[in-house]
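Below: structure.tsv (TSV, C-alpha atoms and all ligand atoms)
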```tsv
chain	number	residue	atom	x	y	z
A	1	MET	CA	-32.15	-4.38	15.27
A	2	ILE	CA	-35.12	-3.28	17.30
A	3	VAL	CA	-37.74	-1.72	15.04
A	4	THR	CA	-39.30	1.13	16.91
A	5	ARG	CA	-42.88	2.21	16.43
A	6	GLU	CA	-41.57	5.42	14.89
A	7	GLN	CA	-39.62	3.55	12.22
A	8	THR	CA	-42.62	1.49	11.20
A	9	ARG	CA	-44.58	4.66	10.57
A	10	LEU	CA	-42.70	5.48	7.41
A	11	ASN	CA	-42.84	2.15	5.64
A	12	PRO	CA	-42.43	2.33	1.86
A	13	ILE	CA	-45.65	1.86	-0.09
A	14	ARG	CA	-46.31	0.54	-3.58
A	15	ILE	CA	-48.47	2.30	-6.12
A	16	GLY	CA	-48.87	-0.36	-8.78
A	17	ASP	CA	-45.32	-1.33	-9.68
A	18	ILE	CA	-43.79	1.90	-8.36
A	19	GLU	CA	-42.16	1.97	-4.96
A	20	ILE	CA	-42.70	5.10	-2.87
A	21	LYS	CA	-39.76	4.98	-0.50
A	22	THR	CA	-41.17	7.38	2.09
A	23	PRO	CA	-44.93	7.86	2.34
A	24	LEU	CA	-44.74	11.63	2.72
A	25	THR	CA	-45.86	13.18	-0.56
A	26	LEU	CA	-46.33	16.59	-2.15
A	27	ALA	CA	-49.98	17.49	-2.83
A	28	PRO	CA	-50.82	18.90	-6.26
A	29	MET	CA	-51.36	22.65	-6.06
A	30	ASP	CA	-52.37	24.74	-9.03
A	31	GLY	CA	-50.01	27.70	-9.45
A	32	MET	CA	-47.54	26.19	-7.00
A	33	THR	CA	-46.32	22.70	-7.83
A	34	ASN	CA	-44.71	23.40	-11.18
A	35	TYR	CA	-41.50	21.63	-12.20
A	36	ALA	CA	-39.27	24.23	-10.52
A	37	PHE	CA	-40.85	23.64	-7.13
A	38	ARG	CA	-41.14	19.88	-7.52
A	39	ARG	CA	-37.45	19.68	-8.39
A	40	LEU	CA	-36.59	21.70	-5.29
A	41	CYS	CA	-38.54	19.19	-3.19
A	42	ARG	CA	-36.45	16.41	-4.74
A	43	GLU	CA	-33.19	18.28	-4.19
A	44	HIS	CA	-33.89	19.28	-0.58
A	45	SER	CA	-35.85	16.25	0.61
A	46	GLY	CA	-34.63	13.44	-1.72
A	47	ASP	CA	-36.57	10.21	-1.29
A	48	ASP	CA	-38.15	11.55	1.90
A	49	CYS	CA	-40.49	13.32	-0.49
A	50	GLY	CA	-41.89	10.04	-1.72
A	51	LEU	CA	-44.04	11.33	-4.57
A	52	VAL	CA	-44.66	14.65	-6.28
A	53	CYS	CA	-47.61	15.63	-8.44
A	54	THR	CA	-48.13	18.21	-11.17
A	55	GLU	CA	-50.74	20.94	-11.09
A	56	LEU	CA	-54.10	19.87	-12.49
A	57	LEU	CA	-54.52	19.67	-16.27
A	58	SER	CA	-57.86	19.77	-18.06
A	59	SER	CA	-58.79	16.70	-20.07
A	60	ASN	CA	-60.84	18.97	-22.30
A	61	ILE	CA	-57.97	21.18	-23.35
A	62	LEU	CA	-55.74	18.16	-23.77
A	63	THR	CA	-57.89	16.58	-26.39
A	64	GLY	CA	-59.08	19.84	-27.91
A	65	SER	CA	-56.74	22.42	-29.34
A	66	GLY	CA	-54.00	21.18	-27.02
A	67	ALA	CA	-51.94	24.29	-27.41
A	68	ARG	CA	-52.96	26.09	-24.24
A	69	SER	CA	-52.12	23.23	-21.91
A	70	ARG	CA	-48.90	22.02	-23.48
A	71	TYR	CA	-46.95	24.50	-21.40
A	72	LYS	CA	-48.05	22.52	-18.38
A	73	PHE	CA	-46.39	19.36	-19.71
A	74	ASP	CA	-43.42	20.24	-17.58
A	75	TRP	CA	-42.39	16.94	-15.98
A	76	GLN	CA	-38.90	15.49	-16.26
A	77	PRO	CA	-37.49	12.02	-15.53
A	78	ASP	CA	-35.31	13.45	-12.71
A	79	GLU	CA	-38.34	14.00	-10.49
A	80	PHE	CA	-39.47	10.35	-10.56
A	81	PRO	CA	-41.66	9.14	-8.93
A	82	PHE	CA	-44.24	11.70	-10.00
A	83	ALA	CA	-47.90	11.78	-10.96
A	84	VAL	CA	-49.59	13.95	-13.56
A	85	GLN	CA	-53.04	15.09	-12.50
A	86	ILE	CA	-56.05	15.52	-14.80
A	87	PHE	CA	-59.62	16.61	-14.24
A	88	GLY	CA	-62.71	16.16	-16.35
A	89	SER	CA	-66.07	14.42	-16.35
A	90	GLU	CA	-66.24	12.43	-19.56
A	91	PRO	CA	-64.79	8.92	-19.26
A	92	ALA	CA	-63.76	8.73	-22.94
A	93	MET	CA	-62.11	12.14	-22.91
A	94	MET	CA	-60.33	11.38	-19.65
A	95	ALA	CA	-59.08	8.11	-21.11
A	96	GLU	CA	-57.78	9.79	-24.25
A	97	SER	CA	-56.06	12.50	-22.20
A	98	ALA	CA	-54.45	9.91	-19.96
A	99	GLN	CA	-53.03	8.17	-23.03
A	100	ILE	CA	-51.56	11.44	-24.28
A	101	LEU	CA	-49.98	12.03	-20.88
A	102	GLU	CA	-48.59	8.50	-20.72
A	103	ASP	CA	-47.07	8.97	-24.19
A	104	ALA	CA	-45.55	12.22	-22.90
A	105	GLY	CA	-43.80	10.31	-20.11
A	106	ALA	CA	-46.22	10.53	-17.17
A	107	ALA	CA	-45.15	7.95	-14.58
A	108	MET	CA	-48.61	7.86	-12.98
A	109	ILE	CA	-51.98	9.44	-13.73
A	110	ASP	CA	-53.83	11.04	-10.86
A	111	ILE	CA	-57.52	11.86	-11.28
A	112	ASN	CA	-58.71	15.03	-9.54
A	113	MET	CA	-61.95	14.52	-7.62
A	114	GLY	CA	-61.34	17.29	-5.15
A	115	CYS	CA	-61.43	20.57	-7.00
A	116	TRP	CA	-64.35	22.61	-5.68
A	117	VAL	CA	-63.85	25.68	-7.92
A	118	PRO	CA	-67.31	26.27	-9.49
A	119	LYS	CA	-66.09	26.55	-13.09
A	120	ILE	CA	-64.78	22.96	-12.78
A	121	ALA	CA	-67.12	21.31	-10.25
A	122	ARG	CA	-70.35	22.67	-11.78
A	123	LYS	CA	-69.40	21.14	-15.12
A	124	GLY	CA	-69.03	17.77	-13.42
A	125	GLY	CA	-65.21	17.71	-13.14
A	126	GLY	CA	-63.11	17.66	-9.96
A	127	ALA	CA	-65.32	17.25	-6.90
A	128	GLY	CA	-68.34	17.55	-9.22
A	129	LEU	CA	-67.75	13.87	-10.02
A	130	LEU	CA	-68.73	13.01	-6.45
A	131	ARG	CA	-72.39	13.81	-7.21
A	132	ASP	CA	-72.60	10.29	-8.53
A	133	VAL	CA	-70.04	7.73	-7.38
A	134	CYS	CA	-70.91	5.36	-10.24
A	135	THR	CA	-69.99	7.97	-12.85
A	136	ALA	CA	-66.87	8.75	-10.83
A	137	ALA	CA	-65.91	5.07	-10.82
A	138	SER	CA	-66.56	4.80	-14.56
A	139	VAL	CA	-64.05	7.62	-15.10
A	140	VAL	CA	-61.50	5.66	-13.06
A	141	GLU	CA	-62.21	2.48	-15.03
A	142	ALA	CA	-61.88	4.25	-18.38
A	143	VAL	CA	-58.54	5.76	-17.43
A	144	VAL	CA	-57.23	2.50	-15.94
A	145	ASN	CA	-58.14	0.66	-19.15
A	146	ALA	CA	-56.48	3.30	-21.30
A	147	VAL	CA	-52.98	3.32	-19.80
A	148	ASN	CA	-50.30	1.00	-18.49
A	149	VAL	CA	-49.03	3.31	-15.77
A	150	PRO	CA	-50.66	3.28	-12.31
A	151	VAL	CA	-53.81	5.37	-11.87
A	152	THR	CA	-54.54	7.11	-8.58
A	153	VAL	CA	-57.36	9.33	-7.34
A	154	LYS	CA	-57.41	12.38	-5.08
A	155	VAL	CA	-60.80	12.77	-3.51
A	156	ARG	CA	-62.63	14.83	-0.90
A	157	ALA	CA	-65.00	13.50	1.78
A	158	GLY	CA	-67.84	14.32	-0.61
A	159	LEU	CA	-69.45	17.24	-2.36
A	160	LYS	CA	-71.77	18.37	0.44
A	161	ARG	CA	-71.73	17.63	4.13
A	162	ASP	CA	-75.12	15.95	4.04
A	163	HIS	CA	-73.85	13.47	1.44
A	164	PRO	CA	-70.52	11.78	2.30
A	165	THR	CA	-69.33	9.71	-0.64
A	166	ALA	CA	-65.63	9.00	-0.10
A	167	VAL	CA	-66.10	5.53	1.39
A	168	ASP	CA	-68.51	4.20	-1.27
A	169	PHE	CA	-66.41	5.76	-3.98
A	170	ALA	CA	-63.15	4.33	-2.62
A	171	ARG	CA	-64.54	0.78	-2.76
A	172	LEU	CA	-65.70	1.26	-6.34
A	173	ALA	CA	-62.48	2.97	-7.36
A	174	GLU	CA	-60.39	0.08	-6.03
A	175	GLU	CA	-62.59	-2.38	-7.94
A	176	ALA	CA	-62.16	-0.23	-11.04
A	177	GLY	CA	-58.38	-0.55	-10.73
A	178	ALA	CA	-57.22	2.59	-8.89
A	179	GLN	CA	-53.87	1.90	-7.26
A	180	MET	CA	-53.93	4.55	-4.52
A	181	ILE	CA	-56.43	6.96	-3.05
A	182	ALA	CA	-55.56	10.25	-1.38
A	183	VAL	CA	-58.32	11.66	0.82
A	184	HIS	CA	-58.63	15.36	1.67
A	185	TRP	CA	-60.89	15.35	4.76
A	186	ARG	CA	-62.99	18.39	3.81
A	187	PHE	CA	-66.17	18.30	1.76
A	188	ALA	CA	-65.99	20.29	-1.46
A	189	GLU	CA	-68.49	22.86	-0.15
A	190	GLN	CA	-66.00	23.70	2.62
A	191	GLY	CA	-63.41	24.91	0.10
A	192	PHE	CA	-60.34	25.48	2.28
A	193	ARG	CA	-62.27	26.89	5.24
A	194	ASP	CA	-60.63	26.69	8.65
A	195	ASP	CA	-63.37	24.45	10.04
A	196	PRO	CA	-62.41	22.18	12.96
A	197	VAL	CA	-60.20	19.46	11.56
A	198	ASP	CA	-61.82	16.03	11.35
A	199	TRP	CA	-59.69	13.30	9.81
A	200	SER	CA	-62.15	10.48	10.52
A	201	VAL	CA	-63.14	10.02	6.86
A	202	ILE	CA	-59.53	9.12	6.06
A	203	GLY	CA	-59.71	6.22	8.55
A	204	GLU	CA	-63.08	5.14	7.12
A	205	VAL	CA	-61.65	5.00	3.61
A	206	LYS	CA	-58.59	3.07	4.84
A	207	ALA	CA	-60.90	0.54	6.51
A	208	ALA	CA	-63.07	0.24	3.38
A	209	VAL	CA	-60.42	-0.54	0.77
A	210	LYS	CA	-58.92	-4.01	0.55
A	211	LYS	CA	-55.30	-3.56	-0.41
A	212	ILE	CA	-54.43	-0.28	-2.07
A	213	PRO	CA	-52.62	2.41	-0.06
A	214	VAL	CA	-54.53	5.38	1.30
A	215	LEU	CA	-52.89	8.76	1.84
A	216	GLY	CA	-54.42	11.24	4.27
A	217	ASN	CA	-54.49	14.91	3.37
A	218	GLY	CA	-55.45	18.21	4.93
A	219	ASP	CA	-53.95	20.50	7.52
A	220	VAL	CA	-50.75	18.63	8.24
A	221	LYS	CA	-48.35	21.39	9.25
A	222	THR	CA	-45.84	19.59	11.47
A	223	ALA	CA	-44.21	16.19	11.80
A	224	GLU	CA	-46.40	15.65	14.88
A	225	ASP	CA	-49.50	16.29	12.75
A	226	ALA	CA	-48.29	13.71	10.24
A	227	MET	CA	-47.72	11.12	12.98
A	228	ARG	CA	-51.07	11.88	14.53
A	229	MET	CA	-52.86	11.54	11.20
A	230	MET	CA	-51.26	8.13	10.62
A	231	ASP	CA	-51.99	7.02	14.20
A	232	GLU	CA	-55.59	8.20	14.28
A	233	THR	CA	-56.64	7.03	10.83
A	234	GLY	CA	-54.30	4.12	10.06
A	235	CYS	CA	-53.53	5.73	6.69
A	236	ASP	CA	-50.42	4.52	4.86
A	237	GLY	CA	-48.96	7.94	4.31
A	238	VAL	CA	-49.55	11.65	4.31
A	239	MET	CA	-49.93	14.13	1.47
A	240	ILE	CA	-48.85	17.67	2.30
A	241	GLY	CA	-49.76	20.82	0.42
A	242	ARG	CA	-49.70	24.34	1.81
A	243	ALA	CA	-47.16	23.70	4.55
A	244	ALA	CA	-44.61	22.73	1.89
A	245	ALA	CA	-44.85	26.02	-0.02
A	246	GLY	CA	-41.48	27.74	0.35
A	247	HIS	CA	-40.25	24.76	2.40
A	248	PRO	CA	-39.03	22.07	-0.03
A	249	TRP	CA	-36.95	20.55	2.81
A	250	LEU	CA	-40.10	19.90	4.86
A	251	PHE	CA	-40.37	16.21	3.91
A	252	LYS	CA	-36.79	15.51	5.00
A	253	HIS	CA	-37.36	17.35	8.27
A	254	PHE	CA	-40.63	15.53	8.95
A	255	ALA	CA	-39.13	12.13	8.10
A	256	HIS	CA	-36.14	12.77	10.35
A	257	LYS	CA	-38.37	13.79	13.25
A	258	ILE	CA	-40.64	10.78	12.76
A	259	ARG	CA	-37.70	8.34	12.49
A	260	THR	CA	-35.49	9.71	15.25
A	261	GLY	CA	-37.65	11.96	17.41
A	262	GLU	CA	-35.17	14.76	16.76
A	263	GLU	CA	-35.49	18.04	14.87
A	264	LEU	CA	-33.11	18.94	12.06
A	265	PRO	CA	-31.81	22.49	12.33
A	266	SER	CA	-33.92	25.05	10.53
A	267	PRO	CA	-32.37	25.91	7.13
A	268	SER	CA	-30.14	28.98	7.25
A	269	LEU	CA	-31.02	32.23	5.59
A	270	ALA	CA	-28.42	31.49	2.89
A	271	VAL	CA	-30.00	28.10	2.14
A	272	ARG	CA	-33.46	29.67	1.92
A	273	ALA	CA	-32.23	32.44	-0.35
A	274	GLN	CA	-30.44	29.96	-2.63
A	275	ALA	CA	-33.58	27.79	-2.81
A	276	ALA	CA	-35.65	30.84	-3.77
A	277	LEU	CA	-33.09	31.78	-6.41
A	278	ASP	CA	-33.09	28.22	-7.77
A	279	HIS	CA	-36.89	28.31	-7.88
A	280	ALA	CA	-36.75	31.49	-9.96
A	281	HIS	CA	-34.01	30.38	-12.34
A	282	VAL	CA	-35.27	26.84	-12.92
A	283	MET	CA	-38.71	28.24	-13.66
A	284	LEU	CA	-37.25	30.75	-16.12
A	285	GLU	CA	-35.31	27.96	-17.87
A	286	THR	CA	-38.06	25.36	-17.98
A	287	ASP	CA	-41.32	27.27	-18.22
A	288	ASP	CA	-42.74	28.52	-21.49
A	289	TYR	CA	-43.75	31.83	-19.90
A	290	PRO	CA	-41.83	34.95	-20.93
A	291	GLU	CA	-39.71	36.51	-18.16
A	292	PRO	CA	-42.20	39.19	-17.04
A	293	LYS	CA	-44.85	36.52	-16.53
A	294	VAL	CA	-42.41	34.29	-14.65
A	295	ALA	CA	-41.57	37.23	-12.37
A	296	LEU	CA	-45.26	37.91	-11.83
A	297	HIS	CA	-45.81	34.28	-10.85
A	298	LEU	CA	-42.81	34.34	-8.51
A	299	ARG	CA	-44.24	37.33	-6.64
A	300	GLY	CA	-46.65	34.88	-5.06
A	301	ARG	CA	-44.02	32.25	-4.26
A	302	LEU	CA	-40.61	33.54	-3.20
A	303	HIS	CA	-41.67	35.39	-0.04
A	304	GLN	CA	-42.76	31.99	1.34
A	305	TYR	CA	-39.11	30.97	1.75
A	306	PHE	CA	-38.73	33.64	4.43
A	307	ASP	CA	-42.04	33.51	6.24
A	308	GLU	CA	-40.50	32.37	9.55
A	309	TYR	CA	-38.46	35.56	9.84
A	310	ASP	CA	-40.40	38.50	11.27
A	311	VAL	CA	-37.44	40.78	10.68
A	312	LEU	CA	-37.54	40.08	6.94
A	313	ALA	CA	-40.89	41.75	6.37
A	314	GLU	CA	-39.22	44.34	4.13
A	315	LEU	CA	-37.59	41.65	1.98
A	316	ARG	CA	-40.91	39.84	1.64
A	317	GLN	CA	-42.60	43.06	0.60
A	318	SER	CA	-39.93	43.63	-2.05
A	319	LEU	CA	-40.29	40.06	-3.33
A	320	VAL	CA	-44.01	40.47	-3.91
A	321	ARG	CA	-43.31	43.44	-6.17
A	322	VAL	CA	-40.55	42.10	-8.44
A	323	ASN	CA	-40.80	42.60	-12.20
A	324	SER	CA	-37.74	40.72	-13.39
A	325	ILE	CA	-35.29	37.96	-12.53
A	326	ALA	CA	-32.53	40.59	-12.22
A	327	GLU	CA	-34.50	42.22	-9.40
A	328	ILE	CA	-34.85	38.85	-7.68
A	329	ASP	CA	-31.10	38.23	-8.04
A	330	ALA	CA	-30.31	41.65	-6.58
A	331	LEU	CA	-32.50	40.95	-3.55
A	332	LEU	CA	-31.44	37.39	-2.88
A	333	GLU	CA	-27.83	36.92	-4.02
A	334	PRO	CA	-26.30	38.85	-1.06
A	335	LEU	CA	-28.25	36.58	1.31
A	336	ALA	CA	-27.35	33.42	-0.57
A	337	ASN	CA	-23.67	34.38	-0.64
A	338	GLY	CA	-23.64	35.02	3.09
A	339	GLU	CA	-22.89	38.72	2.55
A	340	MET	CA	-25.86	39.47	4.75
A	341	SER	CA	-27.00	37.41	7.70
A	342	LEU	CA	-29.15	37.64	10.76
A	343	ASP	CA	-28.22	36.90	14.31
A	344	GLU	CA	-30.28	33.78	14.88
A	401	LIG	C1	-53.36	27.10	-4.16
A	401	LIG	C2	-53.87	25.68	-4.13
A	401	LIG	C3	-54.01	24.99	-5.31
A	401	LIG	C4	-54.49	23.68	-5.30
A	401	LIG	N1	-54.57	23.00	-6.48
A	401	LIG	C5	-54.92	21.69	-6.48
A	401	LIG	C6	-54.86	20.91	-7.66
A	401	LIG	O1	-54.45	21.38	-8.73
A	401	LIG	N2	-55.26	19.62	-7.58
A	401	LIG	C7	-55.70	19.05	-6.40
A	401	LIG	O2	-56.04	17.88	-6.37
A	401	LIG	N3	-55.74	19.76	-5.27
A	401	LIG	C8	-55.34	21.05	-5.27
A	401	LIG	N4	-55.31	21.74	-4.11
A	401	LIG	C9	-55.65	21.06	-2.84
A	401	LIG	C10	-54.39	20.49	-2.18
A	401	LIG	O3	-53.84	19.45	-2.97
A	401	LIG	C11	-54.72	19.91	-0.79
A	401	LIG	O4	-55.71	18.93	-0.93
A	401	LIG	C12	-55.22	20.97	0.18
A	401	LIG	O5	-54.42	22.13	0.11
A	401	LIG	C13	-55.25	20.43	1.62
A	401	LIG	O6	-53.96	20.01	2.00
A	401	LIG	P1	-52.99	20.95	2.90
A	401	LIG	O7	-53.77	21.33	4.13
A	401	LIG	O8	-51.81	20.09	3.20
A	401	LIG	O9	-52.66	22.15	2.09
A	401	LIG	C14	-54.85	23.06	-4.09
A	401	LIG	C15	-54.70	23.76	-2.90
A	401	LIG	C16	-54.20	25.06	-2.90
A	401	LIG	C17	-54.02	25.78	-1.60
```
Could you render the structure as structure tokens?
Ligand SMILES: Cc1cc2nc3c(=O)[nH]c(=O)nc-3n(C[C@H](O)[C@H](O)[C@H](O)COP(=O)(O)O)c2cc1C
Amino acid sequence: MIVTREQTRLNPIRIGDIEIKTPLTLAPMDGMTNYAFRRLCREHSGDDCGLVCTELLSSNILTGSGARSRYKFDWQPDEFPFAVQIFGSEPAMMAESAQILEDAGAAMIDINMGCWVPKIARKGGGAGLLRDVCTAASVVEAVVNAVNVPVTVKVRAGLKRDHPTAVDFARLAEEAGAQMIAVHWRFAEQGFRDDPVDWSVIGEVKAAVKKIPVLGNGDVKTAEDAMRMMDETGCDGVMIGRAAAGHPWLFKHFAHKIRTGEELPSPSLAVRAQAALDHAHVMLETDDYPEPKVALHLRGRLHQYFDEYDVLAELRQSLVRVNSIAEIDALLEPLANGEMSLDE
């Protein structure tokens, strides 16, 4: 068999002893990547979504009262391989938290070194750790020594543009035992600003580490973007965040395009409606929130399943106002059952 360049682009990677069959992975997103959405990614993309990750959890709450964060312990064996992400600044507290998560079944621990939100970064957690790469590496070392599961890190280019740290940190993190590094190309001070995309730091990190895989992250919206990121930076895989919201099939579609050069057909309205319904019902079943709070959360999520359809503006507006699961069912079941369709 002739191995085309396209096929070699999606080689499996190893994170410690865990095989990631397709190096297209779901980025952690607070308020978005809960179990319901991660499971949808598994169902619609299978192994083409190589790895999923929880929303970030605070190491402080974990070791403190515990109660407030337990509702975020939402992972299940059926979503393997998955990582559980924590943030914090104290090596000992991070290590203790990681142990608690491992005991609770975490298959991998991911350390957040990208969160720029002031209440986290100013206290030295998230991207705040990048002020001092030695402290950041000591957090990695403490967590690696505390658990048997693989430890990974998600990092930004640095805290401020005048002080890039990702490359120095990546070397230290690998020495400290990190098994994979995901690099979001922006500096923390850029937040999510639409500045001109510059993936060069991802290539610099890939060139700096000796053997662990590097995932590139930031502004990958199409399969072509993913290919270009891998080509330009040499990264081993791509982590995708915002583009996947409301599109759990995205990984399968990207993988197919990269492997064959061909597009899969866009999911039908019925498939989208059923996915949105599944999102709502799985969240209701598996989340500790009471129904009104689940509905409130879903206001921000379900409209994303229909964002390609200009003619569905009214449906989207209704979805952002729902107060109950019954309202969601009433809006979406006729679409899911094919009782309503659009001429496409
Ligand atoms: C709403 C939202 C929440 C996020 N929450 C997290 C988080 O909990 N942990 C983390 O490491 N990154 C978080 N991120 C950053 C994403 O993982 C990712 O790095 C960023 O969105 C860039 O990738 P993208 O362009 O593919 O979305 C978040 C991003 C968004 C938009």
Worksheet item: Which value, in Å to one decimal, gives the distance between atom CA of Ala136 of chain A and atom CA of Gly177 of chain A?
Response: 12.6 Å
Any chance you could tabulate, as CSV, the residues of chain A at most 7 Å from ligand LIG 401 (chain A) with each one's nearest atom pair and distance in Å to one decimal, using all atoms listed in the file, in chain and rising number order?
```
residue,atom,partner,partner_atom,distance
A:Ala27,CA,A:LIG401,O3,4.3
A:Pro28,CA,A:LIG401,O3,4.5
A:Met29,CA,A:LIG401,N1,3.3
A:Asp30,CA,A:LIG401,N1,3.8
A:Gly31,CA,A:LIG401,C1,6.3
A:Met32,CA,A:LIG401,C1,6.5
A:Glu55,CA,A:LIG401,O1,4.4
A:Leu56,CA,A:LIG401,O1,4.1
A:Asn112,CA,A:LIG401,O2,5.0
A:Met113,CA,A:LIG401,O2,6.9
A:Gly114,CA,A:LIG401,O2,5.5
A:Cys115,CA,A:LIG401,C7,6.0
A:Lys154,CA,A:LIG401,O2,5.8
A:His184,CA,A:LIG401,O4,5.3
A:Asn217,CA,A:LIG401,O6,5.3
A:Gly218,CA,A:LIG401,O7,3.6
A:Asp219,CA,A:LIG401,O7,3.5
A:Val220,CA,A:LIG401,O8,5.4
A:Met239,CA,A:LIG401,O8,6.5
A:Ile240,CA,A:LIG401,O8,3.9
A:Gly241,CA,A:LIG401,O8,3.5
A:Arg242,CA,A:LIG401,O9,3.7
A:Ala243,CA,A:LIG401,O8,6.0
```
Fill in: Gap from atom CA of Arg228 of chain A to atom CA of Leu130 of chain A - Å, one decimal
27.4 Å
Worksheet item: From the set A:Ser268, A:Thr135, A:Gln76, A:Thr22, which residue has the shortest atom-to-atom contact distance to Thr286 of chain A, counting all atoms listed in the file?
Response: A:Gln76
Worksheet item: Can you list, as an MDAnalysis selection string, every protein, DNA or RNA residue that comes within 12 Å of Glu263 of chain A when you count only C-alpha atoms, leaving out same-chain residues fewer than 2 positions away?
Response: chainID A and resid 222:224 250 252:261 265:267
Within 12 Å of Leu57 of chain A, counting only C-alpha atoms, which residues show up once you throw out same-chain ones fewer than 6 positions away? Write them as a PDB file with C-alpha atoms, in the frame of the given file, please.
```
ATOM      1  CA  PRO A  28     -50.820  18.900  -6.260  1.00  0.00           C
ATOM      2  CA  MET A  29     -51.360  22.650  -6.060  1.00  0.00           C
ATOM      3  CA  ASP A  30     -52.370  24.740  -9.030  1.00  0.00           C
ATOM      4  CA  GLY A  31     -50.010  27.700  -9.450  1.00  0.00           C
ATOM      5  CA  ASN A  34     -44.710  23.400 -11.180  1.00  0.00           C
ATOM      6  CA  THR A  63     -57.890  16.580 -26.390  1.00  0.00           C
ATOM      7  CA  GLY A  66     -54.000  21.180 -27.020  1.00  0.00           C
ATOM      8  CA  ARG A  68     -52.960  26.090 -24.240  1.00  0.00           C
ATOM      9  CA  SER A  69     -52.120  23.230 -21.910  1.00  0.00           C
ATOM     10  CA  ARG A  70     -48.900  22.020 -23.480  1.00  0.00           C
ATOM     11  CA  TYR A  71     -46.950  24.500 -21.400  1.00  0.00           C
ATOM     12  CA  LYS A  72     -48.050  22.520 -18.380  1.00  0.00           C
ATOM     13  CA  PHE A  73     -46.390  19.360 -19.710  1.00  0.00           C
ATOM     14  CA  ASP A  74     -43.420  20.240 -17.580  1.00  0.00           C
ATOM     15  CA  ALA A  83     -47.900  11.780 -10.960  1.00  0.00           C
ATOM     16  CA  VAL A  84     -49.590  13.950 -13.560  1.00  0.00           C
ATOM     17  CA  GLN A  85     -53.040  15.090 -12.500  1.00  0.00           C
ATOM     18  CA  ILE A  86     -56.050  15.520 -14.800  1.00  0.00           C
ATOM     19  CA  PHE A  87     -59.620  16.610 -14.240  1.00  0.00           C
ATOM     20  CA  GLY A  88     -62.710  16.160 -16.350  1.00  0.00           C
ATOM     21  CA  MET A  94     -60.330  11.380 -19.650  1.00  0.00           C
ATOM     22  CA  SER A  97     -56.060  12.500 -22.200  1.00  0.00           C
ATOM     23  CA  ALA A  98     -54.450   9.910 -19.960  1.00  0.00           C
ATOM     24  CA  ILE A 100     -51.560  11.440 -24.280  1.00  0.00           C
ATOM     25  CA  LEU A 101     -49.980  12.030 -20.880  1.00  0.00           C
ATOM     26  CA  ILE A 109     -51.980   9.440 -13.730  1.00  0.00           C
ATOM     27  CA  ASP A 110     -53.830  11.040 -10.860  1.00  0.00           C
ATOM     28  CA  ILE A 111     -57.520  11.860 -11.280  1.00  0.00           C
ATOM     29  CA  ASN A 112     -58.710  15.030  -9.540  1.00  0.00           C
ATOM     30  CA  CYS A 115     -61.430  20.570  -7.000  1.00  0.00           C
ATOM     31  CA  ILE A 120     -64.780  22.960 -12.780  1.00  0.00           C
ATOM     32  CA  GLY A 125     -65.210  17.710 -13.140  1.00  0.00           C
ATOM     33  CA  GLY A 126     -63.110  17.660  -9.960  1.00  0.00           C
TER      34      GLY A 126
END
```
Worksheet item: If we count only C-alpha atoms, what is near segment 316-330 of chain A at a cut-off of 10 Å, once residues fewer than 3 positions away on the same chain are taken out, given as a PyMOL selection string?
Response: chain A and resi 273-274+276-277+280-281+284+291-307+309-313+333-336
Practice prompt. Give the answer as one residue: which of A:Leu159, A:Ile18, A:Val147, A:Leu129 has the shortest atom-to-atom distance to Asp103 of chain A, using all atoms listed in the file?
Written response: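 Nearest candidate to Asp103 of chain A out of A:Leu159, A:Ile18, A:Val147, A:Leu129: A:Val147.
For the residues A:Ala182, A:Val153, A:Val214, A:Ala245, ranking by smallest atom-to-atom distance to His279 of chain A using all atoms listed in the file places A:Ala245 first.
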Discussion item. Could you tell me how far atom CA of Ile61 of chain A sits from atom CA of Val139 of chain A, in Å to one decimal place?
Written reply: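 It comes out at 17.0 Å.
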Worksheet entry | For segment 163-169 of chain A: contacts at 9 Å, only C-alpha atoms, fewer than 5 positions along chain excluded, given as number ranges by chain | A: 130-134, 136-137, 155-158, 174, 183, 187, 201-202, 204-209
Discussion item. Using all atoms listed in the file for the distances, tell me which of A:Val282, A:Asp236, A:Ser45, A:Thr25 is nearest to Asn11 of chain A.
Written reply: A:Asp236
With N, CA and C atoms as the target, complete segment 268-274 of chain A and hand it back as a JSON list (two decimals), in the frame of the given file.
```
[["chain", "number", "residue", "atom", "x", "y", "z"],
["A", 268, "SER", "N", -30.67, 27.62, 7.04],
["A", 268, "SER", "CA", -30.14, 28.98, 7.25],
["A", 268, "SER", "C", -30.77, 29.94, 6.25],
["A", 269, "LEU", "N", -30.54, 31.20, 6.50],
["A", 269, "LEU", "CA", -31.02, 32.23, 5.59],
["A", 269, "LEU", "C", -30.39, 32.04, 4.20],
["A", 270, "ALA", "N", -29.10, 31.68, 4.18],
["A", 270, "ALA", "CA", -28.42, 31.49, 2.89],
["A", 270, "ALA", "C", -29.04, 30.33, 2.11],
["A", 271, "VAL", "N", -29.38, 29.25, 2.82],
["A", 271, "VAL", "CA", -30.00, 28.10, 2.14],
["A", 271, "VAL", "C", -31.37, 28.49, 1.58],
["A", 272, "ARG", "N", -32.12, 29.24, 2.37],
["A", 272, "ARG", "CA", -33.46, 29.67, 1.92],
["A", 272, "ARG", "C", -33.34, 30.58, 0.69],
["A", 273, "ALA", "N", -32.38, 31.51, 0.77],
["A", 273, "ALA", "CA", -32.23, 32.44, -0.35],
["A", 273, "ALA", "C", -31.80, 31.70, -1.61],
["A", 274, "GLN", "N", -30.88, 30.72, -1.45],
["A", 274, "GLN", "CA", -30.44, 29.96, -2.63],
["A", 274, "GLN", "C", -31.60, 29.14, -3.20]]
```
